file my_file-v8.cif (mmCIF, C-alpha atoms)
data_upload
#
loop_
_atom_site.group_PDB
_atom_site.id
_atom_site.type_symbol
_atom_site.label_atom_id
_atom_site.label_comp_id
_atom_site.auth_asym_id
_atom_site.auth_seq_id
_atom_site.Cartn_x
_atom_site.Cartn_y
_atom_site.Cartn_z
ATOM 1 C CA GLN A 1 0.000 0.000 0.000
ATOM 2 C CA GLU A 2 1.313 3.482 -0.901
ATOM 3 C CA TRP A 3 0.849 6.636 1.136
ATOM 4 C CA GLU A 4 0.575 9.820 -0.839
ATOM 5 C CA HIS A 5 2.675 12.761 0.347
ATOM 6 C CA THR A 6 2.280 16.337 -0.762
ATOM 7 C CA ASP A 7 5.662 16.338 -2.541
ATOM 8 C CA HIS A 8 6.468 12.689 -3.227
ATOM 9 C CA SER A 9 5.268 9.092 -2.891
ATOM 10 C CA LEU A 10 6.224 6.925 0.057
ATOM 11 C CA LEU A 11 6.952 3.187 -0.023
ATOM 12 C CA PRO A 12 6.650 0.709 2.755
ATOM 13 C CA ILE A 13 10.030 -0.062 4.280
ATOM 14 C CA PRO A 14 10.129 -3.737 3.130
ATOM 15 C CA VAL A 15 9.295 -2.685 -0.436
ATOM 16 C CA ALA A 16 11.891 0.079 -0.380
ATOM 17 C CA VAL A 17 14.534 -2.251 1.028
ATOM 18 C CA GLN A 18 13.837 -4.899 -1.611
ATOM 19 C CA THR A 19 13.835 -2.322 -4.392
ATOM 20 C CA TYR A 20 17.233 -1.009 -3.405
ATOM 21 C CA LYS A 21 18.596 -4.513 -2.871
ATOM 22 C CA ASP A 22 17.518 -5.391 -6.392
ATOM 23 C CA LYS A 23 19.280 -2.287 -7.692
ATOM 24 C CA MET A 24 22.382 -3.138 -5.676
ATOM 25 C CA THR A 25 22.286 -6.715 -6.946
ATOM 26 C CA GLY A 26 22.249 -5.416 -10.510
ATOM 27 C CA LEU A 27 25.072 -2.994 -9.693
ATOM 28 C CA LEU A 28 26.988 -5.784 -7.995
ATOM 29 C CA PHE A 29 26.599 -7.894 -11.139
ATOM 30 C CA LEU A 30 27.949 -5.056 -13.296
ATOM 31 C CA LEU A 31 30.836 -4.473 -10.907
ATOM 32 C CA LYS A 32 31.627 -8.195 -10.906
ATOM 33 C CA GLU A 33 31.637 -8.180 -14.694
ATOM 34 C CA LYS A 34 34.022 -5.225 -14.670
ATOM 35 C CA SER A 35 36.153 -6.900 -12.009
ATOM 36 C CA ASP A 36 36.324 -10.101 -14.062
ATOM 37 C CA LEU A 37 37.220 -8.059 -17.141
ATOM 38 C CA HIS A 38 39.955 -6.261 -15.214
ATOM 39 C CA HIS A 39 41.257 -9.564 -13.846
ATOM 40 C CA GLN A 40 41.324 -10.957 -17.374
ATOM 41 C CA SER A 41 43.030 -7.824 -18.708
ATOM 42 C CA SER A 42 45.510 -7.898 -15.848
ATOM 43 C CA PHE A 43 46.267 -11.545 -16.560
ATOM 44 C CA MET A 44 46.639 -10.888 -20.287
ATOM 45 C CA GLN A 45 48.784 -7.834 -19.580
ATOM 46 C CA GLY A 46 50.959 -9.949 -17.312
ATOM 47 C CA GLU A 47 51.334 -12.498 -20.097
ATOM 48 C CA ALA A 48 52.207 -9.697 -22.519
ATOM 49 C CA ILE A 49 54.829 -8.419 -20.070
ATOM 50 C CA GLU A 50 56.322 -11.898 -19.734
ATOM 51 C CA GLN A 51 56.282 -12.267 -23.500
ATOM 52 C CA ILE A 52 58.137 -8.965 -23.919
ATOM 53 C CA LYS A 53 60.632 -9.935 -21.212
ATOM 54 C CA ASN A 54 61.204 -13.347 -22.794
ATOM 55 C CA SER A 55 61.514 -11.762 -26.210
ATOM 56 C CA SER A 56 63.956 -9.216 -24.801
ATOM 57 C CA ASP A 57 66.000 -11.930 -23.059
ATOM 58 C CA ASN A 58 66.092 -13.996 -26.245
ATOM 59 C CA LEU A 59 67.120 -10.965 -28.270
ATOM 60 C CA VAL A 60 69.865 -10.076 -25.785
ATOM 61 C CA GLN A 61 71.090 -13.668 -25.914
ATOM 62 C CA HIS A 62 70.979 -13.556 -29.701
ATOM 63 C CA VAL A 63 72.919 -10.278 -29.795
ATOM 64 C CA ARG A 64 75.538 -11.615 -27.383
ATOM 65 C CA SER A 65 75.856 -14.821 -29.369
ATOM 66 C CA GLN A 66 76.250 -12.947 -32.647
ATOM 67 C CA PHE A 67 78.760 -10.520 -31.182
ATOM 68 C CA THR A 68 80.704 -13.422 -29.681
ATOM 69 C CA LYS A 69 80.896 -14.917 -33.156
ATOM 70 C CA LEU A 70 81.869 -11.516 -34.559
ATOM 71 C CA HIS A 71 84.609 -11.072 -31.969
ATOM 72 C CA GLN A 72 85.931 -14.560 -32.614
ATOM 73 C CA PHE A 73 85.831 -14.016 -36.371
ATOM 74 C CA LEU A 74 87.525 -10.602 -36.170
ATOM 75 C CA THR A 75 90.168 -11.874 -33.718
ATOM 76 C CA ARG A 76 90.981 -14.831 -35.986
ATOM 77 C CA LYS A 77 91.066 -12.557 -39.025
ATOM 78 C CA GLU A 78 93.264 -10.018 -37.259
ATOM 79 C CA GLN A 79 95.723 -12.731 -36.255
ATOM 80 C CA GLN A 80 95.643 -14.201 -39.747
ATOM 81 C CA LEU A 81 96.345 -10.865 -41.446
ATOM 82 C CA ILE A 82 99.099 -9.954 -38.985
ATOM 83 C CA GLN A 83 100.697 -13.376 -39.524
ATOM 84 C CA GLU A 84 100.478 -12.900 -43.285
ATOM 85 C CA VAL A 85 102.139 -9.474 -43.019
ATOM 86 C CA LYS A 86 104.930 -10.908 -40.847
ATOM 87 C CA GLU A 87 105.503 -13.786 -43.279
ATOM 88 C CA GLN A 88 105.658 -11.379 -46.216
ATOM 89 C CA GLU A 89 108.009 -9.147 -44.262
ATOM 90 C CA GLU A 90 110.342 -12.061 -43.525
ATOM 91 C CA TYR A 91 110.199 -13.266 -47.136
ATOM 92 C CA ILE A 92 111.101 -9.814 -48.471
ATOM 93 C CA LEU A 93 113.706 -8.956 -45.812
ATOM 94 C CA PHE A 94 115.648 -12.229 -46.033
ATOM 95 C CA PRO A 95 117.381 -11.445 -49.371
ATOM 96 C CA MET A 96 117.804 -7.837 -48.244
ATOM 97 C CA ARG A 97 119.611 -8.941 -45.089
ATOM 98 C CA GLU A 98 121.734 -11.325 -47.165
ATOM 99 C CA ALA A 99 122.572 -8.447 -49.476
ATOM 100 C CA VAL A 100 123.612 -6.285 -46.507
ATOM 101 C CA LEU A 101 125.948 -9.061 -45.262
ATOM 102 C CA LYS A 102 127.410 -9.425 -48.753
ATOM 103 C CA TYR A 103 127.946 -5.684 -49.055
ATOM 104 C CA GLU A 104 129.647 -5.615 -45.643
ATOM 105 C CA ARG A 105 132.034 -8.410 -46.702
ATOM 106 C CA GLU A 106 132.812 -6.605 -49.937
ATOM 107 C CA ILE A 107 133.306 -3.338 -48.045
ATOM 108 C CA CYS A 108 135.930 -5.128 -45.927
ATOM 109 C CA LEU A 109 137.693 -6.371 -49.064
ATOM 110 C CA LEU A 110 137.558 -2.923 -50.627
ATOM 111 C CA GLN A 111 138.840 -1.380 -47.414
ATOM 112 C CA GLN A 112 141.764 -3.790 -47.399
ATOM 113 C CA GLU A 113 142.617 -2.959 -51.017
ATOM 114 C CA MET A 114 142.325 0.760 -50.289
ATOM 115 C CA GLU A 115 144.770 0.366 -47.402
ATOM 116 C CA LYS A 116 147.165 -1.529 -49.700
ATOM 117 C CA LEU A 117 146.947 1.250 -52.282
ATOM 118 C CA GLN A 118 147.485 3.923 -49.679
ATOM 119 C CA ALA A 119 150.515 2.053 -48.369
ATOM 120 C CA LEU A 120 151.818 1.548 -51.928
ATOM 121 C CA ILE A 121 151.385 5.203 -52.772
ATOM 122 C CA LYS A 122 153.438 6.106 -49.724
ATOM 123 C CA GLU A 123 156.164 3.599 -50.662
ATOM 124 C CA GLN A 124 159.505 5.416 -51.058
ATOM 125 C CA ASP A 125 161.443 2.477 -52.463
ATOM 126 C CA ASP A 126 160.916 2.407 -56.222
ATOM 127 C CA ILE A 127 161.903 -1.253 -56.540
ATOM 128 C CA ALA A 128 159.451 -2.279 -53.809
ATOM 129 C CA PHE A 129 156.762 -0.077 -55.368
ATOM 130 C CA LEU A 130 157.079 -1.755 -58.757
ATOM 131 C CA LYS A 131 157.160 -5.181 -57.136
ATOM 132 C CA ASP A 132 153.917 -4.613 -55.256
ATOM 133 C CA LEU A 133 152.218 -2.831 -58.158
ATOM 134 C CA GLN A 134 151.416 -6.095 -59.950
ATOM 135 C CA THR A 135 149.499 -7.459 -57.007
ATOM 136 C CA VAL A 136 147.290 -4.433 -56.897
ATOM 137 C CA SER A 137 146.442 -4.315 -60.605
ATOM 138 C CA ASP A 138 145.565 -8.010 -60.639
ATOM 139 C CA SER A 139 143.282 -7.688 -57.586
ATOM 140 C CA SER A 140 139.953 -9.516 -57.905
ATOM 141 C CA VAL A 141 138.306 -6.762 -55.887
ATOM 142 C CA LEU A 142 138.083 -4.685 -59.037
ATOM 143 C CA GLU A 143 135.827 -7.360 -60.516
ATOM 144 C CA LEU A 144 133.146 -6.844 -57.858
ATOM 145 C CA GLU A 145 129.768 -5.989 -59.383
ATOM 146 C CA SER A 146 128.174 -2.657 -58.670
ATOM 147 C CA PRO A 147 125.743 -3.135 -55.787
ATOM 148 C CA ASP A 148 122.013 -3.016 -56.443
ATOM 149 C CA VAL A 149 119.561 -1.963 -53.757
ATOM 150 C CA LEU A 150 116.836 -4.533 -53.414
ATOM 151 C CA THR A 151 113.309 -3.210 -52.991
ATOM 152 C CA GLY A 152 109.991 -4.737 -52.037
ATOM 153 C CA SER A 153 106.660 -3.999 -50.453
ATOM 154 C CA VAL A 154 104.274 -5.706 -48.081
ATOM 155 C CA SER A 155 100.708 -5.942 -49.335
ATOM 156 C CA LEU A 156 97.472 -7.608 -48.308
ATOM 157 C CA GLY A 157 95.780 -6.889 -51.594
ATOM 158 C CA VAL A 158 92.249 -5.569 -51.175
ATOM 159 C CA TYR A 159 92.762 -5.363 -47.410
ATOM 160 C CA ASP A 160 95.232 -2.485 -47.861
ATOM 161 C CA ASP A 161 92.661 0.101 -48.875
ATOM 162 C CA PHE A 162 89.309 -1.631 -48.355
ATOM 163 C CA LEU A 163 89.794 -3.604 -45.157
ATOM 164 C CA HIS A 164 86.274 -2.973 -43.834
ATOM 165 C CA PHE A 165 84.664 -3.866 -47.179
ATOM 166 C CA ALA A 166 86.654 -7.090 -47.559
ATOM 167 C CA LEU A 167 85.882 -8.121 -43.978
ATOM 168 C CA TRP A 168 82.199 -7.325 -44.489
ATOM 169 C CA ARG A 169 82.091 -9.623 -47.515
ATOM 170 C CA GLU A 170 83.815 -12.396 -45.582
ATOM 171 C CA MET A 171 81.476 -11.948 -42.639
ATOM 172 C CA LEU A 172 78.514 -12.466 -44.956
ATOM 173 C CA VAL A 173 79.945 -15.851 -45.860
ATOM 174 C CA ALA A 174 81.004 -16.670 -42.301
ATOM 175 C CA PHE A 175 77.547 -15.927 -40.935
ATOM 176 C CA ASP A 176 75.625 -17.766 -43.661
ATOM 177 C CA LYS A 177 74.477 -14.559 -45.299
ATOM 178 C CA VAL A 178 76.106 -15.164 -48.639
ATOM 179 C CA PRO A 179 73.346 -14.788 -51.228
ATOM 180 C CA GLU A 180 71.842 -18.176 -52.014
ATOM 181 C CA HIS A 181 71.305 -19.347 -55.546
ATOM 182 C CA LEU A 182 67.602 -19.807 -56.262
ATOM 183 C CA THR A 183 66.125 -21.672 -59.224
ATOM 184 C CA LEU A 184 62.823 -20.518 -60.676
ATOM 185 C CA LEU A 185 60.030 -22.816 -61.763
ATOM 186 C CA THR A 186 59.857 -23.188 -65.523
ATOM 187 C CA THR A 187 56.067 -23.603 -65.663
ATOM 188 C CA PRO A 188 54.456 -20.437 -64.308
ATOM 189 C CA ALA A 189 50.690 -20.271 -64.159
ATOM 190 C CA HIS A 190 50.558 -17.399 -66.618
ATOM 191 C CA SER A 191 51.821 -17.401 -70.177
ATOM 192 C CA ASP A 192 53.074 -13.804 -69.957
ATOM 193 C CA LEU A 193 55.911 -14.834 -67.607
ATOM 194 C CA VAL A 194 59.004 -16.232 -69.312
ATOM 195 C CA VAL A 195 61.794 -17.882 -67.299
ATOM 196 C CA SER A 196 65.371 -17.643 -68.577
ATOM 197 C CA ILE A 197 67.243 -20.729 -69.771
ATOM 198 C CA ASP A 198 69.407 -20.808 -66.642
ATOM 199 C CA LYS A 199 66.226 -20.478 -64.527
ATOM 200 C CA THR A 200 67.554 -17.510 -62.551
ATOM 201 C CA SER A 201 65.473 -14.665 -64.006
ATOM 202 C CA VAL A 202 61.953 -14.007 -65.255
ATOM 203 C CA ARG A 203 60.553 -11.389 -67.604
ATOM 204 C CA HIS A 204 57.145 -10.143 -68.667
ATOM 205 C CA ALA A 205 56.549 -11.248 -72.256
ATOM 206 C CA GLY A 206 53.451 -9.243 -73.105
ATOM 207 C CA PRO A 207 49.893 -8.283 -72.237
ATOM 208 C CA GLN A 208 48.501 -11.830 -72.310
ATOM 209 C CA LYS A 209 46.507 -12.874 -69.251
ATOM 210 C CA GLN A 210 45.604 -16.421 -70.151
ATOM 211 C CA VAL A 211 45.911 -18.892 -67.302
ATOM 212 C CA ILE A 212 47.612 -22.128 -68.261
ATOM 213 C CA SER A 213 45.356 -24.889 -66.994
ATOM 214 C CA GLY A 214 47.164 -27.591 -65.038
ATOM 215 C CA ALA A 215 50.240 -25.527 -64.139
ATOM 216 C CA PRO A 216 51.657 -27.435 -61.132
ATOM 217 C CA GLU A 217 52.793 -24.683 -58.762
ATOM 218 C CA ALA A 218 52.107 -20.961 -58.984
ATOM 219 C CA LEU A 219 51.560 -18.044 -56.698
ATOM 220 C CA TRP A 220 49.576 -14.927 -57.611
ATOM 221 C CA PRO A 221 48.484 -13.795 -61.046
ATOM 222 C CA SER A 222 50.720 -12.004 -63.540
ATOM 223 C CA LEU A 223 53.594 -10.744 -61.375
ATOM 224 C CA TYR A 224 54.557 -13.699 -59.213
ATOM 225 C CA ILE A 225 56.514 -16.882 -59.690
ATOM 226 C CA ARG A 226 57.961 -19.342 -57.189
ATOM 227 C CA SER A 227 61.432 -20.754 -56.879
ATOM 228 C CA THR A 228 62.005 -24.469 -56.510
ATOM 229 C CA GLU A 229 63.617 -24.024 -53.074
ATOM 230 C CA ARG A 230 61.588 -24.719 -49.929
ATOM 231 C CA PHE A 231 62.828 -23.508 -46.541
ATOM 232 C CA GLN A 232 61.709 -25.273 -43.368
ATOM 233 C CA LEU A 233 64.380 -24.095 -40.910
ATOM 234 C CA GLY A 234 67.411 -21.867 -40.494
ATOM 235 C CA ARG A 235 68.293 -18.424 -41.761
ATOM 236 C CA HIS A 236 68.464 -17.672 -45.476
ATOM 237 C CA PHE A 237 69.517 -14.721 -47.590
ATOM 238 C CA TRP A 238 69.227 -14.068 -51.315
ATOM 239 C CA GLU A 239 69.355 -11.103 -53.647
ATOM 240 C CA VAL A 240 67.061 -10.122 -56.516
ATOM 241 C CA ASP A 241 68.202 -7.781 -59.281
ATOM 242 C CA VAL A 242 65.200 -5.566 -60.110
ATOM 243 C CA GLY A 243 67.246 -3.075 -62.125
ATOM 244 C CA GLN A 244 65.311 -0.056 -63.329
ATOM 245 C CA LYS A 245 61.966 -1.872 -63.558
ATOM 246 C CA THR A 246 58.992 0.334 -62.763
ATOM 247 C CA GLU A 247 56.906 -2.445 -61.179
ATOM 248 C CA TRP A 248 58.064 -5.519 -59.281
ATOM 249 C CA ALA A 249 57.385 -7.660 -56.202
ATOM 250 C CA VAL A 250 59.977 -9.596 -54.191
ATOM 251 C CA GLY A 251 59.506 -11.749 -51.102
ATOM 252 C CA VAL A 252 58.346 -15.078 -49.681
ATOM 253 C CA SER A 253 55.126 -17.039 -49.407
ATOM 254 C CA ILE A 254 53.944 -19.692 -47.000
ATOM 255 C CA TYR A 255 53.779 -22.766 -49.179
ATOM 256 C CA SER A 256 50.813 -25.050 -48.539
ATOM 257 C CA GLY A 257 52.115 -27.859 -50.732
ATOM 258 C CA GLU A 258 48.830 -28.058 -52.615
ATOM 259 C CA ARG A 259 49.133 -28.708 -56.330
ATOM 260 C CA ILE A 260 47.162 -26.376 -58.592
ATOM 261 C CA THR A 261 45.236 -28.291 -61.222
ATOM 262 C CA SER A 262 42.687 -25.733 -62.394
ATOM 263 C CA GLU A 263 41.901 -22.038 -62.474
ATOM 264 C CA LYS A 264 39.459 -22.571 -59.601
ATOM 265 C CA SER A 265 42.078 -24.215 -57.392
ATOM 266 C CA LEU A 266 44.537 -21.507 -58.400
ATOM 267 C CA TRP A 267 42.295 -18.741 -57.079
ATOM 268 C CA LYS A 268 41.555 -20.757 -53.951
ATOM 269 C CA ASN A 269 45.303 -21.026 -53.375
ATOM 270 C CA LEU A 270 45.872 -17.325 -54.010
ATOM 271 C CA LEU A 271 43.189 -16.255 -51.551
ATOM 272 C CA THR A 272 44.317 -18.508 -48.686
ATOM 273 C CA GLU A 273 48.131 -18.427 -48.880
ATOM 274 C CA ASP A 274 50.054 -15.910 -46.828
ATOM 275 C CA LYS A 275 52.805 -13.819 -48.347
ATOM 276 C CA HIS A 276 55.354 -11.190 -47.310
ATOM 277 C CA VAL A 277 56.554 -9.132 -50.264
ATOM 278 C CA LEU A 278 58.076 -5.749 -50.986
ATOM 279 C CA VAL A 279 56.241 -4.180 -53.910
ATOM 280 C CA LEU A 280 56.933 -1.262 -56.246
ATOM 281 C CA LYS A 281 53.781 -0.149 -58.055
ATOM 282 C CA ASN A 282 52.670 3.251 -59.368
ATOM 283 C CA LYS A 283 56.040 4.665 -58.226
ATOM 284 C CA LYS A 284 55.237 3.768 -54.602
ATOM 285 C CA TYR A 285 56.665 1.091 -52.332
ATOM 286 C CA HIS A 286 54.742 -1.017 -49.836
ATOM 287 C CA ILE A 287 55.105 -4.264 -47.909
ATOM 288 C CA GLU A 288 52.200 -6.567 -48.581
ATOM 289 C CA SER A 289 50.950 -9.594 -46.670
ATOM 290 C CA TYR A 290 47.727 -11.575 -46.613
ATOM 291 C CA THR A 291 46.365 -9.415 -43.800
ATOM 292 C CA SER A 292 47.811 -5.956 -44.404
ATOM 293 C CA THR A 293 49.517 -3.497 -46.738
ATOM 294 C CA ILE A 294 52.086 -1.141 -45.187
ATOM 295 C CA PRO A 295 53.423 1.876 -47.140
ATOM 296 C CA VAL A 296 57.228 2.180 -47.204
ATOM 297 C CA SER A 297 59.226 5.361 -47.801
ATOM 298 C CA LEU A 298 62.646 4.889 -49.430
ATOM 299 C CA SER A 299 65.195 7.660 -49.914
ATOM 300 C CA THR A 300 66.623 6.016 -53.033
ATOM 301 C CA SER A 301 65.281 3.604 -55.624
ATOM 302 C CA PRO A 302 67.043 0.265 -55.111
ATOM 303 C CA THR A 303 68.181 -1.773 -58.092
ATOM 304 C CA ARG A 304 69.006 -4.887 -56.074
ATOM 305 C CA ILE A 305 66.916 -6.204 -53.165
ATOM 306 C CA GLY A 306 68.230 -8.491 -50.454
ATOM 307 C CA VAL A 307 65.706 -10.772 -48.743
ATOM 308 C CA PHE A 308 66.617 -12.172 -45.323
ATOM 309 C CA LEU A 309 64.439 -14.961 -43.931
ATOM 310 C CA ASP A 310 64.767 -16.056 -40.302
ATOM 311 C CA TYR A 311 62.534 -19.136 -40.224
ATOM 312 C CA GLU A 312 62.685 -19.818 -36.478
ATOM 313 C CA ARG A 313 61.768 -16.221 -35.577
ATOM 314 C CA GLY A 314 59.170 -15.986 -38.342
ATOM 315 C CA LYS A 315 60.752 -12.800 -39.651
ATOM 316 C CA VAL A 316 61.312 -11.490 -43.187
ATOM 317 C CA THR A 317 63.573 -8.462 -43.717
ATOM 318 C CA PHE A 318 64.255 -6.557 -46.927
ATOM 319 C CA TYR A 319 67.560 -4.805 -47.636
ATOM 320 C CA ASN A 320 68.721 -2.328 -50.238
ATOM 321 C CA THR A 321 71.995 -4.022 -51.191
ATOM 322 C CA ASP A 322 73.016 -0.976 -53.238
ATOM 323 C CA ASP A 323 73.847 0.816 -49.954
#
call {"tool": "encode", "arguments": {"input": "my_file-v8.cif", "output": "structure tokens"}}
result
Amino acid sequence: QEWEHTDHSLLPIPVAVQTYKDKMTGLLFLLKEKSDLHHQSSFMQGEAIEQIKNSSDNLVQHVRSQFTKLHQFLTRKEQQLIQEVKEQEEYILFPMREAVLKYEREICLLQQEMEKLQALIKEQDDIAFLKDLQTVSDSSVLELESPDVLTGSVSLGVYDDFLHFALWREMLVAFDKVPEHLTLLTTPAHSDLVVSIDKTSVRHAGPQKQVISGAPEALWPSLYIRSTERFQLGRHFWEVDVGQKTEWAVGVSIYSGERITSEKSLWKNLLTEDKHVLVLKNKKYHIESYTSTIPVSLSTSPTRIGVFLDYERGKVTFYNTDD
């Protein structure tokens, strides 16, 4: 039962209590939902923190490991080059030292002959002078050859002037970053792509867009072609010469292993496979994947692209090898 008041309505105490309890129950439910959401977010944030810390620890370990290898490589190379310089020095100096010893012996002989001549010149006895004159004129010292000064130089070839460049090239090989040789498939899915005889380059033959039915393995229409190599572990690096081409795409795709037997299966493959490629189109660069397209700003137009694949870390990096 309600009692009317001049300004407002009154509720019986039990009804009022129940009404507010119901409101508080609803509020409690909302607060619990928020609390659960915050607990979940806190848990997920904690996991994200641990993931970052683990990633950071792994990266630090990776950096230390790589720098340890670098230090070992540079120390070995330093010792090797120093040893090579010392060996060259010894090889060049040996005949020079021998020549110095020879010249010193000949100087002694010449000095002796000069002393004989000086003594002969001072000789007052004419008979003795004439007697000793024959020995001087027949002296073998006069037959000594004129001395030649030996010369030589120590050189490490390209290391003399381009030490850092030569070491950089060797480090690429030492750290498995020498460009790998890739072989292209000779049966692309589109007739406008023509693979060279040595299977290392591909060119656009014309405006045809006809799909070759039954092509065994292809990627995306028109611009793309696979290599025969498949990577399932490790770190790999290769270079692609794009020259002055105005449109190109370079990168990797996640290979499903499915054979393409028709145009329908081709499009199914194209729509479901992931890819990570650097693309030049309409004078603009972007990195393209199955889920996103990211614009890229480059200060110079590269003519040769390096692709670095770290399989274990799931990372693809593109380099301008012209720099």
call {"tool": "atom_distance", "arguments": {"input": "my_file-v8.cif", "atom1": "atom CA of A:Val194", "atom2": "atom CA of A:Tyr285"}}
result
24.4 Å
call {"tool": "atom_distance", "arguments": {"input": "my_file-v8.cif", "atom1": "atom CA of A:Pro147", "atom2": "atom CA of A:Leu93"}}
result
16.7 Å
call {"tool": "atom_distance", "arguments": {"input": "my_file-v8.cif", "atom1": "atom CA of A:Glu247", "atom2": "atom CA of A:Leu172"}}
result
28.8 Å
call {"tool": "closest_residue", "arguments": {"input": "my_file-v8.cif", "among": "A:Glu170, A:Asp126, A:Glu47, A:Glu288", "to": "A:His276", "atoms": "only C-alpha atoms"}}
result
A:Glu288
call {"tool": "residues_near_point", "arguments": {"input": "my_file-v8.cif", "point": "(121.2, -1.9, -56.2)", "cutoff": "12 Å", "atoms": "all atoms listed in the file", "output": "ChimeraX atom specification"}}
result
/A:96,99-100,103,145-151
call {"tool": "decode", "arguments": {"input": "my_file-v8.cif", "residues": "stretch 230-243 of chain A", "atoms": "N, CA, C and O atoms", "output": "compact mmCIF listing (two decimals), in the first residue's frame"}}
result
# COMPACT_ATOMS: atom_id res chain seq x y z
N ARG A 230 62.54 -24.76 -51.04
CA ARG A 230 61.59 -24.72 -49.93
C ARG A 230 62.40 -24.64 -48.63
O ARG A 230 63.30 -25.44 -48.40
N PHE A 231 62.09 -23.68 -47.79
CA PHE A 231 62.83 -23.51 -46.54
C PHE A 231 61.95 -23.91 -45.37
O PHE A 231 60.82 -23.42 -45.23
N GLN A 232 62.46 -24.80 -44.53
CA GLN A 232 61.71 -25.27 -43.37
C GLN A 232 62.44 -25.03 -42.05
O GLN A 232 61.91 -25.34 -40.99
N LEU A 233 63.64 -24.45 -42.12
CA LEU A 233 64.38 -24.10 -40.91
C LEU A 233 65.56 -23.22 -41.30
O LEU A 233 65.88 -23.07 -42.48
N GLY A 234 66.18 -22.62 -40.27
CA GLY A 234 67.41 -21.87 -40.49
C GLY A 234 67.18 -20.44 -40.95
O GLY A 234 66.07 -19.93 -41.00
N ARG A 235 68.30 -19.81 -41.30
CA ARG A 235 68.29 -18.42 -41.76
C ARG A 235 68.81 -18.41 -43.20
O ARG A 235 69.82 -19.04 -43.50
N HIS A 236 68.14 -17.66 -44.05
CA HIS A 236 68.46 -17.67 -45.48
C HIS A 236 68.49 -16.25 -46.02
O HIS A 236 67.76 -15.37 -45.56
N PHE A 237 69.36 -16.04 -47.00
CA PHE A 237 69.52 -14.72 -47.59
C PHE A 237 69.74 -14.86 -49.09
O PHE A 237 70.53 -15.68 -49.53
N TRP A 238 69.01 -14.08 -49.88
CA TRP A 238 69.23 -14.07 -51.31
C TRP A 238 68.99 -12.66 -51.85
O TRP A 238 68.39 -11.81 -51.17
N GLU A 239 69.48 -12.41 -53.04
CA GLU A 239 69.36 -11.10 -53.65
C GLU A 239 68.60 -11.21 -54.97
O GLU A 239 68.73 -12.21 -55.68
N VAL A 240 67.83 -10.17 -55.27
CA VAL A 240 67.06 -10.12 -56.52
C VAL A 240 67.40 -8.82 -57.23
O VAL A 240 67.26 -7.73 -56.67
N ASP A 241 67.86 -8.94 -58.48
CA ASP A 241 68.20 -7.78 -59.28
C ASP A 241 66.94 -7.27 -59.97
O ASP A 241 66.44 -7.89 -60.91
N VAL A 242 66.42 -6.13 -59.51
CA VAL A 242 65.20 -5.57 -60.11
C VAL A 242 65.53 -4.48 -61.13
O VAL A 242 64.65 -4.02 -61.86
N GLY A 243 66.81 -4.05 -61.14
CA GLY A 243 67.25 -3.07 -62.13
C GLY A 243 66.44 -1.78 -62.06
O GLY A 243 66.14 -1.25 -61.00
